[in-house]
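File shown: protein.cif (mmCIF, C-alpha atoms (C1' of nucleotides)).
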data_final
loop_
_atom_site.group_PDB
_atom_site.id
_atom_site.type_symbol
_atom_site.label_atom_id
_atom_site.label_comp_id
_atom_site.auth_asym_id
_atom_site.auth_seq_id
_atom_site.Cartn_x
_atom_site.Cartn_y
_atom_site.Cartn_z
ATOM 1 C CA MET A 37 240.227 87.617 -60.484
ATOM 2 C CA PRO A 38 239.945 84.755 -58.151
ATOM 3 C CA GLU A 39 242.239 83.760 -55.356
ATOM 4 C CA LEU A 40 243.609 85.705 -52.404
ATOM 5 C CA PRO A 41 246.770 87.173 -54.011
ATOM 6 C CA GLU A 42 244.863 88.452 -57.048
ATOM 7 C CA VAL A 43 242.113 89.945 -54.891
ATOM 8 C CA GLU A 44 244.713 91.556 -52.631
ATOM 9 C CA VAL A 45 246.380 93.133 -55.676
ATOM 10 C CA VAL A 46 243.018 94.689 -56.535
ATOM 11 C CA ARG A 47 242.448 95.802 -52.937
ATOM 12 C CA ARG A 48 245.759 97.656 -52.952
ATOM 13 C CA GLY A 49 244.790 99.392 -56.159
ATOM 14 C CA LEU A 50 241.484 100.492 -54.649
ATOM 15 C CA GLN A 51 243.289 101.669 -51.526
ATOM 16 C CA ARG A 52 245.485 103.886 -53.656
ATOM 17 C CA PHE A 53 243.011 105.181 -56.227
ATOM 18 C CA VAL A 54 239.544 105.083 -54.648
ATOM 19 C CA VAL A 55 239.764 105.491 -50.860
ATOM 20 C CA GLY A 56 238.977 109.029 -49.731
ATOM 21 C CA ARG A 57 236.923 109.840 -52.808
ATOM 22 C CA THR A 58 233.183 110.518 -52.918
ATOM 23 C CA ILE A 59 230.893 108.651 -55.301
ATOM 24 C CA ALA A 60 228.938 111.021 -57.521
ATOM 25 C CA SER A 61 226.873 108.569 -59.558
ATOM 26 C CA VAL A 62 226.540 104.883 -60.374
ATOM 27 C CA GLN A 63 225.319 103.112 -63.500
ATOM 28 C CA VAL A 64 224.348 99.435 -63.575
ATOM 29 C CA TYR A 65 224.440 97.771 -66.990
ATOM 30 C CA HIS A 66 223.664 94.158 -66.120
ATOM 31 C CA PRO A 67 221.252 92.989 -63.397
ATOM 32 C CA ARG A 68 223.261 89.849 -62.648
ATOM 33 C CA ALA A 69 226.157 91.973 -61.412
ATOM 34 C CA ILE A 70 224.057 93.145 -58.460
ATOM 35 C CA ARG A 71 221.861 90.061 -57.957
ATOM 36 C CA ARG A 72 223.004 89.867 -54.342
ATOM 37 C CA HIS A 73 221.613 93.324 -53.702
ATOM 38 C CA LEU A 74 218.068 92.183 -53.027
ATOM 39 C CA ALA A 75 216.582 95.697 -52.946
ATOM 40 C CA GLY A 76 217.384 96.051 -56.646
ATOM 41 C CA ALA A 77 219.437 98.200 -58.972
ATOM 42 C CA ASP A 78 217.657 101.492 -58.320
ATOM 43 C CA HIS A 79 218.215 101.121 -54.599
ATOM 44 C CA PHE A 80 221.853 100.126 -55.138
ATOM 45 C CA VAL A 81 222.450 103.290 -57.151
ATOM 46 C CA ALA A 82 220.597 105.487 -54.670
ATOM 47 C CA VAL A 83 222.405 104.340 -51.522
ATOM 48 C CA LEU A 84 225.821 104.844 -53.113
ATOM 49 C CA ALA A 85 225.374 108.353 -54.498
ATOM 50 C CA GLY A 86 227.111 110.944 -52.338
ATOM 51 C CA ARG A 87 228.898 108.399 -50.168
ATOM 52 C CA ARG A 88 232.579 108.708 -49.339
ATOM 53 C CA VAL A 89 234.847 105.636 -49.460
ATOM 54 C CA LEU A 90 236.634 105.218 -46.123
ATOM 55 C CA ALA A 91 238.840 102.168 -46.715
ATOM 56 C CA ALA A 92 239.494 99.092 -48.866
ATOM 57 C CA ARG A 93 239.289 95.801 -46.998
ATOM 58 C CA ARG A 94 239.470 92.113 -47.821
ATOM 59 C CA ARG A 95 238.908 88.716 -46.280
ATOM 60 C CA GLY A 96 239.749 85.701 -48.400
ATOM 61 C CA LYS A 97 238.370 86.423 -51.851
ATOM 62 C CA TYR A 98 235.824 89.011 -50.662
ATOM 63 C CA LEU A 99 236.570 92.691 -51.043
ATOM 64 C CA TRP A 100 234.666 95.629 -49.574
ATOM 65 C CA LEU A 101 234.759 99.379 -49.330
ATOM 66 C CA PRO A 102 233.403 100.745 -46.008
ATOM 67 C CA LEU A 103 231.412 103.938 -46.647
ATOM 68 C CA ASP A 104 230.613 106.999 -44.564
ATOM 69 C CA SER A 105 227.003 105.770 -44.380
ATOM 70 C CA GLY A 106 228.084 102.862 -42.156
ATOM 71 C CA ASN A 107 227.447 100.358 -44.955
ATOM 72 C CA ALA A 108 229.972 98.806 -47.292
ATOM 73 C CA LEU A 109 230.140 98.218 -51.021
ATOM 74 C CA LEU A 110 230.932 94.497 -51.209
ATOM 75 C CA ALA A 111 232.494 92.806 -54.226
ATOM 76 C CA HIS A 112 233.227 89.205 -55.122
ATOM 77 C CA LEU A 113 235.054 88.826 -58.416
ATOM 78 C CA GLY A 114 233.894 85.285 -59.109
ATOM 79 C CA MET A 115 235.825 83.715 -61.959
ATOM 80 C CA SER A 116 236.336 86.705 -64.209
ATOM 81 C CA GLY A 117 235.456 89.925 -62.402
ATOM 82 C CA GLN A 118 237.682 92.981 -62.705
ATOM 83 C CA LEU A 119 237.657 96.333 -60.918
ATOM 84 C CA LEU A 120 239.356 98.875 -63.149
ATOM 85 C CA VAL A 121 240.294 102.497 -62.525
ATOM 86 C CA LEU A 122 240.061 104.189 -65.920
ATOM 87 C CA ALA A 123 239.818 107.654 -67.420
ATOM 88 C CA ASP A 124 236.208 108.502 -68.285
ATOM 89 C CA ALA A 125 237.211 108.682 -71.925
ATOM 90 C CA ALA A 126 238.492 105.081 -72.020
ATOM 91 C CA PRO A 127 236.201 103.011 -74.274
ATOM 92 C CA ASP A 128 233.670 100.666 -72.638
ATOM 93 C CA GLY A 129 234.493 97.000 -73.180
ATOM 94 C CA PRO A 130 231.839 94.386 -73.987
ATOM 95 C CA HIS A 131 231.549 93.129 -70.403
ATOM 96 C CA LEU A 132 231.081 96.388 -68.534
ATOM 97 C CA ARG A 133 228.577 95.679 -65.723
ATOM 98 C CA ALA A 134 228.716 98.822 -63.564
ATOM 99 C CA ARG A 135 230.344 102.241 -63.536
ATOM 100 C CA PHE A 136 231.151 104.508 -60.578
ATOM 101 C CA ARG A 137 231.906 108.178 -61.139
ATOM 102 C CA PHE A 138 233.404 110.390 -58.439
ATOM 103 C CA THR A 139 232.813 113.987 -57.408
ATOM 104 C CA ASP A 140 236.422 114.978 -58.120
ATOM 105 C CA GLY A 141 235.927 114.131 -61.777
ATOM 106 C CA ALA A 142 239.111 112.038 -61.857
ATOM 107 C CA ALA A 143 239.334 108.461 -63.151
ATOM 108 C CA GLU A 144 236.185 106.349 -62.732
ATOM 109 C CA LEU A 145 235.817 102.838 -61.340
ATOM 110 C CA ARG A 146 234.374 100.079 -63.532
ATOM 111 C CA PHE A 147 233.212 96.573 -62.732
ATOM 112 C CA VAL A 148 233.855 94.354 -65.740
ATOM 113 C CA ASP A 149 232.918 90.669 -65.668
ATOM 114 C CA GLN A 150 232.862 88.343 -68.650
ATOM 115 C CA ARG A 151 231.210 85.330 -67.029
ATOM 116 C CA THR A 152 229.021 87.233 -64.550
ATOM 117 C CA PHE A 153 229.814 84.921 -61.646
ATOM 118 C CA GLY A 154 231.001 87.953 -59.740
ATOM 119 C CA GLY A 155 228.721 90.362 -57.928
ATOM 120 C CA LEU A 156 228.363 93.614 -56.039
ATOM 121 C CA ASP A 157 226.032 94.756 -53.290
ATOM 122 C CA VAL A 158 225.739 97.266 -50.461
ATOM 123 C CA GLU A 159 225.201 95.884 -46.999
ATOM 124 C CA PRO A 160 225.733 96.743 -43.354
ATOM 125 C CA LEU A 161 228.921 95.990 -41.454
ATOM 126 C CA LEU A 162 228.421 93.727 -38.472
ATOM 127 C CA PRO A 163 228.846 95.730 -35.293
ATOM 128 C CA GLY A 164 232.092 94.824 -33.566
ATOM 129 C CA GLU A 165 233.165 92.296 -36.183
ATOM 130 C CA ASP A 166 233.859 94.899 -38.826
ATOM 131 C CA VAL A 167 232.939 92.634 -41.761
ATOM 132 C CA PRO A 168 229.844 92.724 -43.983
ATOM 133 C CA VAL A 169 226.990 90.310 -43.286
ATOM 134 C CA SER A 170 227.792 88.144 -46.328
ATOM 135 C CA VAL A 171 231.369 87.642 -45.164
ATOM 136 C CA ARG A 172 230.417 86.385 -41.731
ATOM 137 C CA HIS A 173 230.438 82.718 -42.733
ATOM 138 C CA ILE A 174 233.942 82.967 -44.225
ATOM 139 C CA ALA A 175 236.942 82.015 -42.097
ATOM 140 C CA ARG A 176 239.898 84.346 -41.723
ATOM 141 C CA ASP A 177 242.564 83.882 -44.366
ATOM 142 C CA PRO A 178 246.166 82.725 -43.746
ATOM 143 C CA LEU A 179 247.586 86.230 -44.254
ATOM 144 C CA ASP A 180 245.260 87.688 -41.596
ATOM 145 C CA ALA A 181 247.221 88.647 -38.460
ATOM 146 C CA LEU A 182 244.422 87.155 -36.354
ATOM 147 C CA PHE A 183 244.395 83.782 -38.136
ATOM 148 C CA ASP A 184 244.649 81.130 -35.421
ATOM 149 C CA ASP A 185 247.050 78.388 -36.525
ATOM 150 C CA ALA A 186 246.360 76.121 -33.562
ATOM 151 C CA ALA A 187 242.596 76.376 -33.978
ATOM 152 C CA PHE A 188 242.947 75.636 -37.687
ATOM 153 C CA GLY A 189 245.010 72.545 -36.878
ATOM 154 C CA THR A 190 242.359 71.270 -34.501
ATOM 155 C CA ALA A 191 239.533 72.033 -36.901
ATOM 156 C CA ILE A 192 241.089 70.407 -39.968
ATOM 157 C CA ARG A 193 241.864 67.216 -38.041
ATOM 158 C CA ARG A 194 238.256 67.000 -36.938
ATOM 159 C CA ARG A 195 237.151 66.898 -40.586
ATOM 160 C CA GLN A 196 236.545 63.576 -42.288
ATOM 161 C CA THR A 197 237.669 64.536 -45.743
ATOM 162 C CA GLY A 198 240.660 64.994 -48.048
ATOM 163 C CA VAL A 199 243.147 67.780 -47.431
ATOM 164 C CA LYS A 200 242.530 69.636 -50.696
ATOM 165 C CA ARG A 201 238.784 69.670 -50.154
ATOM 166 C CA ALA A 202 239.468 71.135 -46.718
ATOM 167 C CA LEU A 203 241.773 73.827 -48.141
ATOM 168 C CA LEU A 204 239.082 74.863 -50.614
ATOM 169 C CA ASP A 205 236.417 75.085 -47.911
ATOM 170 C CA GLN A 206 236.162 78.827 -47.306
ATOM 171 C CA THR A 207 234.503 78.301 -43.932
ATOM 172 C CA LEU A 208 237.629 76.520 -42.654
ATOM 173 C CA VAL A 209 240.274 78.805 -44.158
ATOM 174 C CA SER A 210 239.541 81.409 -46.802
ATOM 175 C CA GLY A 211 241.316 82.741 -49.857
ATOM 176 C CA ILE A 212 242.649 79.446 -51.226
ATOM 177 C CA GLY A 213 241.431 78.339 -54.661
ATOM 178 C CA ASN A 214 242.473 75.666 -57.123
ATOM 179 C CA ILE A 215 245.851 77.157 -58.070
ATOM 180 C CA TYR A 216 247.188 77.911 -54.613
ATOM 181 C CA ALA A 217 245.798 74.696 -53.140
ATOM 182 C CA ASP A 218 247.811 72.672 -55.659
ATOM 183 C CA GLU A 219 250.907 74.826 -55.229
ATOM 184 C CA ALA A 220 250.774 74.653 -51.426
ATOM 185 C CA LEU A 221 250.245 70.882 -51.413
ATOM 186 C CA TRP A 222 253.192 70.475 -53.768
ATOM 187 C CA ARG A 223 255.406 72.563 -51.497
ATOM 188 C CA ALA A 224 254.255 70.651 -48.420
ATOM 189 C CA ARG A 225 254.645 67.313 -50.253
ATOM 190 C CA LEU A 226 251.118 66.252 -49.451
ATOM 191 C CA HIS A 227 248.756 64.401 -51.781
ATOM 192 C CA PHE A 228 245.368 66.053 -52.269
ATOM 193 C CA ALA A 229 243.483 62.964 -51.066
ATOM 194 C CA ARG A 230 245.336 62.684 -47.783
ATOM 195 C CA PRO A 231 242.714 62.181 -45.044
ATOM 196 C CA THR A 232 242.668 65.274 -42.865
ATOM 197 C CA GLU A 233 242.277 63.315 -39.639
ATOM 198 C CA THR A 234 245.674 61.659 -40.228
ATOM 199 C CA LEU A 235 247.576 64.948 -40.561
ATOM 200 C CA ASN A 236 250.004 65.482 -37.690
ATOM 201 C CA ARG A 237 250.994 68.843 -36.245
ATOM 202 C CA PRO A 238 254.283 69.181 -38.196
ATOM 203 C CA GLU A 239 252.452 68.434 -41.450
ATOM 204 C CA ILE A 240 249.800 71.041 -40.696
ATOM 205 C CA GLY A 241 252.558 73.512 -39.886
ATOM 206 C CA ARG A 242 254.268 72.694 -43.176
ATOM 207 C CA LEU A 243 251.009 73.126 -45.027
ATOM 208 C CA LEU A 244 250.258 76.546 -43.530
ATOM 209 C CA SER A 245 253.819 77.693 -44.168
ATOM 210 C CA ALA A 246 253.495 76.533 -47.770
ATOM 211 C CA VAL A 247 250.199 78.355 -48.262
ATOM 212 C CA ARG A 248 251.661 81.565 -46.872
ATOM 213 C CA ALA A 249 254.900 81.277 -48.829
ATOM 214 C CA VAL A 250 253.236 80.716 -52.176
ATOM 215 C CA MET A 251 250.675 83.462 -51.616
ATOM 216 C CA THR A 252 253.324 85.940 -50.498
ATOM 217 C CA LEU A 253 255.487 85.206 -53.541
ATOM 218 C CA ALA A 254 252.499 85.487 -55.851
ATOM 219 C CA LEU A 255 251.592 88.818 -54.318
ATOM 220 C CA GLU A 256 255.089 90.149 -54.933
ATOM 221 C CA GLN A 257 254.665 89.255 -58.590
ATOM 222 C CA GLY A 258 251.248 90.824 -58.970
ATOM 223 C CA GLY A 259 249.305 87.553 -58.845
ATOM 224 C CA THR A 260 248.765 84.792 -61.395
ATOM 225 C CA SER A 261 247.485 85.724 -64.868
ATOM 226 C CA PHE A 262 247.193 83.124 -67.611
ATOM 227 C CA ASP A 263 245.468 85.659 -69.832
ATOM 228 C CA SER A 264 244.118 89.211 -69.780
ATOM 229 C CA LEU A 265 241.186 88.188 -67.573
ATOM 230 C CA TYR A 266 243.167 88.581 -64.354
ATOM 231 C CA VAL A 267 244.486 92.090 -64.002
ATOM 232 C CA ASN A 268 245.017 94.805 -61.391
ATOM 233 C CA VAL A 269 242.996 98.041 -61.285
ATOM 234 C CA ASN A 270 245.223 99.440 -64.021
ATOM 235 C CA GLY A 271 244.585 96.463 -66.291
ATOM 236 C CA GLU A 272 248.048 94.945 -65.850
ATOM 237 C CA SER A 273 248.655 91.179 -65.579
ATOM 238 C CA GLY A 274 250.660 89.534 -62.805
ATOM 239 C CA TYR A 275 253.430 87.120 -63.693
ATOM 240 C CA PHE A 276 253.383 84.460 -60.978
ATOM 241 C CA ASP A 277 252.323 81.939 -63.628
ATOM 242 C CA ARG A 278 256.029 81.710 -64.510
ATOM 243 C CA SER A 279 256.776 80.529 -60.987
ATOM 244 C CA LEU A 280 254.128 77.812 -60.700
ATOM 245 C CA SER A 281 255.572 74.424 -59.765
ATOM 246 C CA ALA A 282 252.611 72.108 -60.287
ATOM 247 C CA TYR A 283 249.423 73.876 -61.377
ATOM 248 C CA GLY A 284 248.830 73.659 -65.122
ATOM 249 C CA ARG A 285 252.124 71.799 -65.631
ATOM 250 C CA ARG A 286 250.841 68.394 -66.728
ATOM 251 C CA ASP A 287 253.626 66.169 -68.127
ATOM 252 C CA ARG A 288 256.278 68.780 -67.415
ATOM 253 C CA PRO A 289 259.040 67.931 -64.940
ATOM 254 C CA CYS A 290 258.558 68.474 -61.235
ATOM 255 C CA PRO A 291 260.969 71.315 -60.313
ATOM 256 C CA ARG A 292 262.115 69.268 -57.310
ATOM 257 C CA CYS A 293 262.651 65.757 -58.674
ATOM 258 C CA GLY A 294 262.044 65.862 -62.430
ATOM 259 C CA THR A 295 259.143 63.392 -62.439
ATOM 260 C CA PRO A 296 256.399 64.450 -64.884
ATOM 261 C CA ILE A 297 253.553 66.279 -63.143
ATOM 262 C CA ARG A 298 250.266 64.358 -63.271
ATOM 263 C CA ARG A 299 246.775 65.703 -63.710
ATOM 264 C CA ASP A 300 243.807 64.158 -61.913
ATOM 265 C CA VAL A 301 240.169 65.117 -62.072
ATOM 266 C CA PHE A 302 239.006 65.808 -58.541
ATOM 267 C CA MET A 303 235.904 67.690 -57.438
ATOM 268 C CA ASN A 304 235.109 68.140 -61.132
ATOM 269 C CA ARG A 305 238.230 70.192 -61.686
ATOM 270 C CA SER A 306 241.907 69.621 -62.405
ATOM 271 C CA SER A 307 244.430 68.758 -59.740
ATOM 272 C CA PHE A 308 248.132 68.822 -60.502
ATOM 273 C CA SER A 309 250.710 67.037 -58.382
ATOM 274 C CA CYS A 310 254.034 65.216 -58.472
ATOM 275 C CA PRO A 311 253.591 61.427 -58.361
ATOM 276 C CA ARG A 312 256.903 61.028 -56.550
ATOM 277 C CA CYS A 313 256.926 63.958 -54.104
ATOM 278 C CA GLN A 314 253.207 63.578 -53.370
ATOM 279 C CA PRO A 315 252.479 59.845 -53.356
ATOM 280 C CA ARG A 316 248.841 58.821 -53.146
ATOM 281 C CA PRO A 317 248.060 57.747 -49.581
ATOM 282 C CA ARG A 318 247.168 54.105 -49.029
ATOM 283 C CA ARG A 319 243.858 55.226 -47.620
ATOM 284 C CA ALA A 320 242.735 58.119 -49.793
ATOM 285 C CA ARG A 321 239.822 60.419 -49.078
ATOM 286 C CA TYR A 322 238.255 62.598 -51.647
ATOM 287 C "C1'" DC B 259 228.189 66.824 -41.439
ATOM 288 C "C1'" DA B 260 230.282 64.725 -45.867
ATOM 289 C "C1'" DC B 261 229.646 64.529 -50.402
ATOM 290 C "C1'" DT B 262 227.937 64.853 -55.436
ATOM 291 C "C1'" DC B 263 225.852 67.298 -58.930
ATOM 292 C "C1'" DA B 264 223.943 70.942 -61.271
ATOM 293 C "C1'" DA B 265 223.489 75.602 -62.063
ATOM 294 C "C1'" DC B 266 225.014 80.193 -62.989
ATOM 295 C "C1'" DC B 267 227.920 82.424 -67.724
ATOM 296 C "C1'" DT B 268 231.259 83.509 -71.742
ATOM 297 C "C1'" DG B 269 235.074 82.441 -74.516
ATOM 298 C "C1'" DC B 270 238.935 79.833 -76.136
ATOM 299 C "C1'" DC B 271 241.151 75.779 -77.905
ATOM 300 C "C1'" DG B 272 241.772 71.390 -80.202
ATOM 301 C "C1'" DG B 273 239.805 67.720 -82.828
ATOM 302 C "C1'" DC B 274 237.135 66.264 -86.547
ATOM 303 C "C1'" DT C 62 235.443 76.900 -92.405
ATOM 304 C "C1'" DG C 63 232.432 75.445 -88.779
ATOM 305 C "C1'" DC C 64 230.541 72.647 -85.217
ATOM 306 C "C1'" DC C 65 231.170 70.271 -80.733
ATOM 307 C "C1'" DG C 66 233.077 68.880 -76.541
ATOM 308 C "C1'" DG C 67 236.127 70.101 -72.942
ATOM 309 C "C1'" DC C 68 238.035 73.372 -70.146
ATOM 310 C "C1'" DA C 69 238.765 77.826 -67.131
ATOM 311 C "C1'" DG C 70 240.941 81.200 -61.283
ATOM 312 C "C1'" DG C 71 234.212 80.415 -57.759
ATOM 313 C "C1'" DT C 72 230.036 79.885 -55.030
ATOM 314 C "C1'" DT C 73 225.535 78.204 -53.838
ATOM 315 C "C1'" DG C 74 221.712 75.170 -53.086
ATOM 316 C "C1'" DA C 75 219.314 70.796 -53.659
ATOM 317 C "C1'" DG C 76 219.477 66.173 -52.799
ATOM 318 C "C1'" DT C 77 221.532 61.647 -50.889
#

Whole structure, structure tokens version:
Amino acid sequence: MPELPEVEVVRRGLQRFVVGRTIASVQVYHPRAIRRHLAGADHFVAVLAGRRVLAARRRGKYLWLPLDSGNALLAHLGMSGQLLVLADAAPDGPHLRARFRFTDGAAELRFVDQRTFGGLDVEPLLPGEDVPVSVRHIARDPLDALFDDAAFGTAIRRRQTGVKRALLDQTLVSGIGNIYADEALWRARLHFARPTETLNRPEIGRLLSAVRAVMTLALEQGGTSFDSLYVNVNGESGYFDRSLSAYGRRDRPCPRCGTPIRRDVFMNRSSFSCPRCQPRPRRARY
DNA sequence: CACTCAACCTGCCGGC
DNA sequence: TGCCGGCAGGTTGAGT
């Protein structure tokens, strides 16, 4: 489940159903699911057994559970990863990659991932910074209280690239993927190829406000689910897809001006925008 | 640093 | 019915 709102929905589920519990045993069913855990599956299983989950945290699209050992169980859901809290008796689906049982014998946690782009590992938390090693290179996300708007504005204007490419760069601002990039640009009336160095302060302010607004709304609606791949820990879909203004709406009217939404191929993926509200800049940068 | 491409996977959909 | 290309919410590393 990919972008920030969907990952945050999962984090909240883990907060409610997993934090405070002690892991009894772990089973790994597919080596790719723990490929980032370089010490291997046996080690992964061993360091988790008996550990208590202290919290459920997130930065951007990364999710982690700090443990009483001082390490954290880190998860990235990739394109199709799910963390599900299910009764032990619930049948295993075809894409079950790992299972976590708890000492209280209540519902277990499962990592399910059709495309196996997601992954789990256990790693130390950086002293002082409070994030796992693998999350160090990721910028704070726009819903983080410590996100620095002014610093972001300076940094994005220093880039020599297009604004959508910048939004998708997780080292500049994290949590934004293809859906919310297109939705935020539509709200801010900016074309995806707008050169970042030409953005002025009001435009950057508009852009950040748009990102936050669309993510907050999506969160209230449980995230965006086009199919059963993107679900919360209880397997339920979000319904923000009904509120999308541009993404996936090729040839359908722009909700603001009625012009048919266009689709462009950009960075080898689809970009949706309104030709009238988001005119292509004279000098475009991709 | 900016940028492109390929790779990593499975499954679904539409066209032929 | 079946085969094939295109497409899908992400990240990483190699190469220019």

Give me, as JSON lines, the closest atom pair and its distance (Å, one decimal) for every residue of chain C within a cut-off of 10 Å of chain A, counting only C-alpha atoms (C1' of nucleotides), rows sorted by chain and rising number.
{"residue": "C:DC68", "atom": "C1'", "partner": "A:Arg305", "partner_atom": "CA", "distance": 9.0}
{"residue": "C:DA69", "atom": "C1'", "partner": "A:Met115", "partner_atom": "CA", "distance": 8.4}
{"residue": "C:DG70", "atom": "C1'", "partner": "A:Pro38", "partner_atom": "CA", "distance": 4.8}
{"residue": "C:DG71", "atom": "C1'", "partner": "A:Gly114", "partner_atom": "CA", "distance": 5.1}
{"residue": "C:DT72", "atom": "C1'", "partner": "A:Gly114", "partner_atom": "CA", "distance": 7.8}

Selection under test: the PyMOL selection byres ((chain A and resi 64) around 10); residues as a ChimeraX atom specification: /A:62-63,65-70,77-78,80-81,132-136,147

7 Å contact set for range 267-270 of chain B, all atoms listed in the file, chain neighbours under 5 positions out, as number ranges by chain: A: 150-153

For CA of Glu256 in chain A and CA of Arg223 in chain A, the interatomic separation in Å (one decimal):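 Spanning CA of Glu256 in chain A to CA of Arg223 in chain A is a straight-line distance of 17.9 Å.
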
One-decimal distance in Å that lies between CA of Ala111 in chain A and CA of Gly189 in chain A: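 Distance reported for this atom pair: 29.5 Å.
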
To test your reading of the syntax: which residues would the PyMOL selection byres ((chain A and resi 92) around 7) return for the file shown? Reply as a CSV table (one decimal) with C-alpha atoms, keeping the file's coordinate frame.
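Resulting contents of expr.csv:
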chain,number,residue,atom,x,y,z
A,47,ARG,CA,242.4,95.8,-52.9
A,50,LEU,CA,241.5,100.5,-54.6
A,51,GLN,CA,243.3,101.7,-51.5
A,55,VAL,CA,239.8,105.5,-50.9
A,91,ALA,CA,238.8,102.2,-46.7
A,93,ARG,CA,239.3,95.8,-47.0
A,100,TRP,CA,234.7,95.6,-49.6
A,101,LEU,CA,234.8,99.4,-49.3
A,102,PRO,CA,233.4,100.7,-46.0

Selection result of the PyMOL selection byres ((chain B and resi 263) around 9) on this file, as a list in words: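 Evaluating the PyMOL selection byres ((chain B and resi 263) around 9) on this file yields DT262 and DA264 of chain B; DG76 of chain C.
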
Go ahead and write the residues just picked, C-alpha atoms (C1' of nucleotides), as a PDB file, keeping the file's coordinate frame.
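The resulting file, result_33.pdb, is shown below:
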ATOM      1  C1'  DT B 262     227.937  64.853 -55.436  1.00  0.00           C
ATOM      2  C1'  DA B 264     223.943  70.942 -61.271  1.00  0.00           C
TER       3       DA B 264
ATOM      4  C1'  DG C  76     219.477  66.173 -52.799  1.00  0.00           C
TER       5       DG C  76
END

From A:Ala191, A:Arg319, A:Asn107, A:Gln196, residue lying nearest Asp166 in chain A [all atoms listed in the file]: A:Asn107

CA of Phe138 in chain A to CA of Ala60 in chain A, straight-line distance in Å: 4.6 Å

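Checking A:Pro127, A:Pro168, A:Gly198, A:Gly141 one by one against chain B, counting all atoms listed in the file, you find the shortest gap at A:Gly198.
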
Shell around Arg94 in chain A at 10 Å using all atoms listed in the file, local window under 5 positions removed, as a PyMOL selection string: chain A and resi 40+43-44+46-48+99-101+110-111+167+171+176-177+180+211

Range 194-198 of chain A rebuilt with all heavy atoms, output as a PDB file, keeping the file's coordinate frame:
ATOM      1  N   ARG A 194     239.598  67.478 -37.281  1.00  0.00           N
ATOM      2  CA  ARG A 194     238.256  67.000 -36.938  1.00  0.00           C
ATOM      3  C   ARG A 194     237.454  66.640 -38.179  1.00  0.00           C
ATOM      4  O   ARG A 194     236.454  65.937 -38.093  1.00  0.00           O
ATOM      5  CB  ARG A 194     237.510  68.064 -36.131  1.00  0.00           C
ATOM      6  CG  ARG A 194     237.553  67.791 -34.636  1.00  0.00           C
ATOM      7  CD  ARG A 194     236.378  68.461 -33.931  1.00  0.00           C
ATOM      8  NE  ARG A 194     236.510  69.902 -33.952  1.00  0.00           N
ATOM      9  CZ  ARG A 194     237.015  70.621 -32.945  1.00  0.00           C
ATOM     10  NH1 ARG A 194     237.423  70.024 -31.863  1.00  0.00           N
ATOM     11  NH2 ARG A 194     237.090  71.934 -33.041  1.00  0.00           N
ATOM     12  N   ARG A 195     237.874  67.187 -39.346  1.00  0.00           N
ATOM     13  CA  ARG A 195     237.151  66.898 -40.586  1.00  0.00           C
ATOM     14  C   ARG A 195     237.394  65.460 -41.020  1.00  0.00           C
ATOM     15  O   ARG A 195     238.456  64.894 -40.767  1.00  0.00           O
ATOM     16  CB  ARG A 195     237.619  67.848 -41.703  1.00  0.00           C
ATOM     17  CG  ARG A 195     237.306  69.291 -41.465  1.00  0.00           C
ATOM     18  CD  ARG A 195     235.820  69.520 -41.526  1.00  0.00           C
ATOM     19  NE  ARG A 195     235.480  70.896 -41.210  1.00  0.00           N
ATOM     20  CZ  ARG A 195     235.218  71.821 -42.145  1.00  0.00           C
ATOM     21  NH1 ARG A 195     235.288  71.508 -43.416  1.00  0.00           N
ATOM     22  NH2 ARG A 195     234.897  73.041 -41.791  1.00  0.00           N
ATOM     23  N   GLN A 196     236.403  64.909 -41.705  1.00  0.00           N
ATOM     24  CA  GLN A 196     236.545  63.576 -42.288  1.00  0.00           C
ATOM     25  C   GLN A 196     236.537  63.746 -43.786  1.00  0.00           C
ATOM     26  O   GLN A 196     235.545  63.466 -44.451  1.00  0.00           O
ATOM     27  CB  GLN A 196     235.386  62.686 -41.856  1.00  0.00           C
ATOM     28  CG  GLN A 196     235.193  62.600 -40.365  1.00  0.00           C
ATOM     29  CD  GLN A 196     235.733  61.320 -39.790  1.00  0.00           C
ATOM     30  OE1 GLN A 196     235.383  60.237 -40.257  1.00  0.00           O
ATOM     31  NE2 GLN A 196     236.611  61.414 -38.820  1.00  0.00           N
ATOM     32  N   THR A 197     237.634  64.249 -44.315  1.00  0.00           N
ATOM     33  CA  THR A 197     237.669  64.536 -45.743  1.00  0.00           C
ATOM     34  C   THR A 197     239.124  64.589 -46.214  1.00  0.00           C
ATOM     35  O   THR A 197     240.051  64.322 -45.441  1.00  0.00           O
ATOM     36  CB  THR A 197     236.917  65.864 -46.021  1.00  0.00           C
ATOM     37  OG1 THR A 197     236.758  66.047 -47.411  1.00  0.00           O
ATOM     38  CG2 THR A 197     237.657  67.051 -45.428  1.00  0.00           C
ATOM     39  N   GLY A 198     239.311  64.889 -47.502  1.00  0.00           N
ATOM     40  CA  GLY A 198     240.660  64.994 -48.048  1.00  0.00           C
ATOM     41  C   GLY A 198     241.207  66.396 -47.845  1.00  0.00           C
ATOM     42  O   GLY A 198     240.453  67.369 -47.743  1.00  0.00           O
TER      43      GLY A 198
END
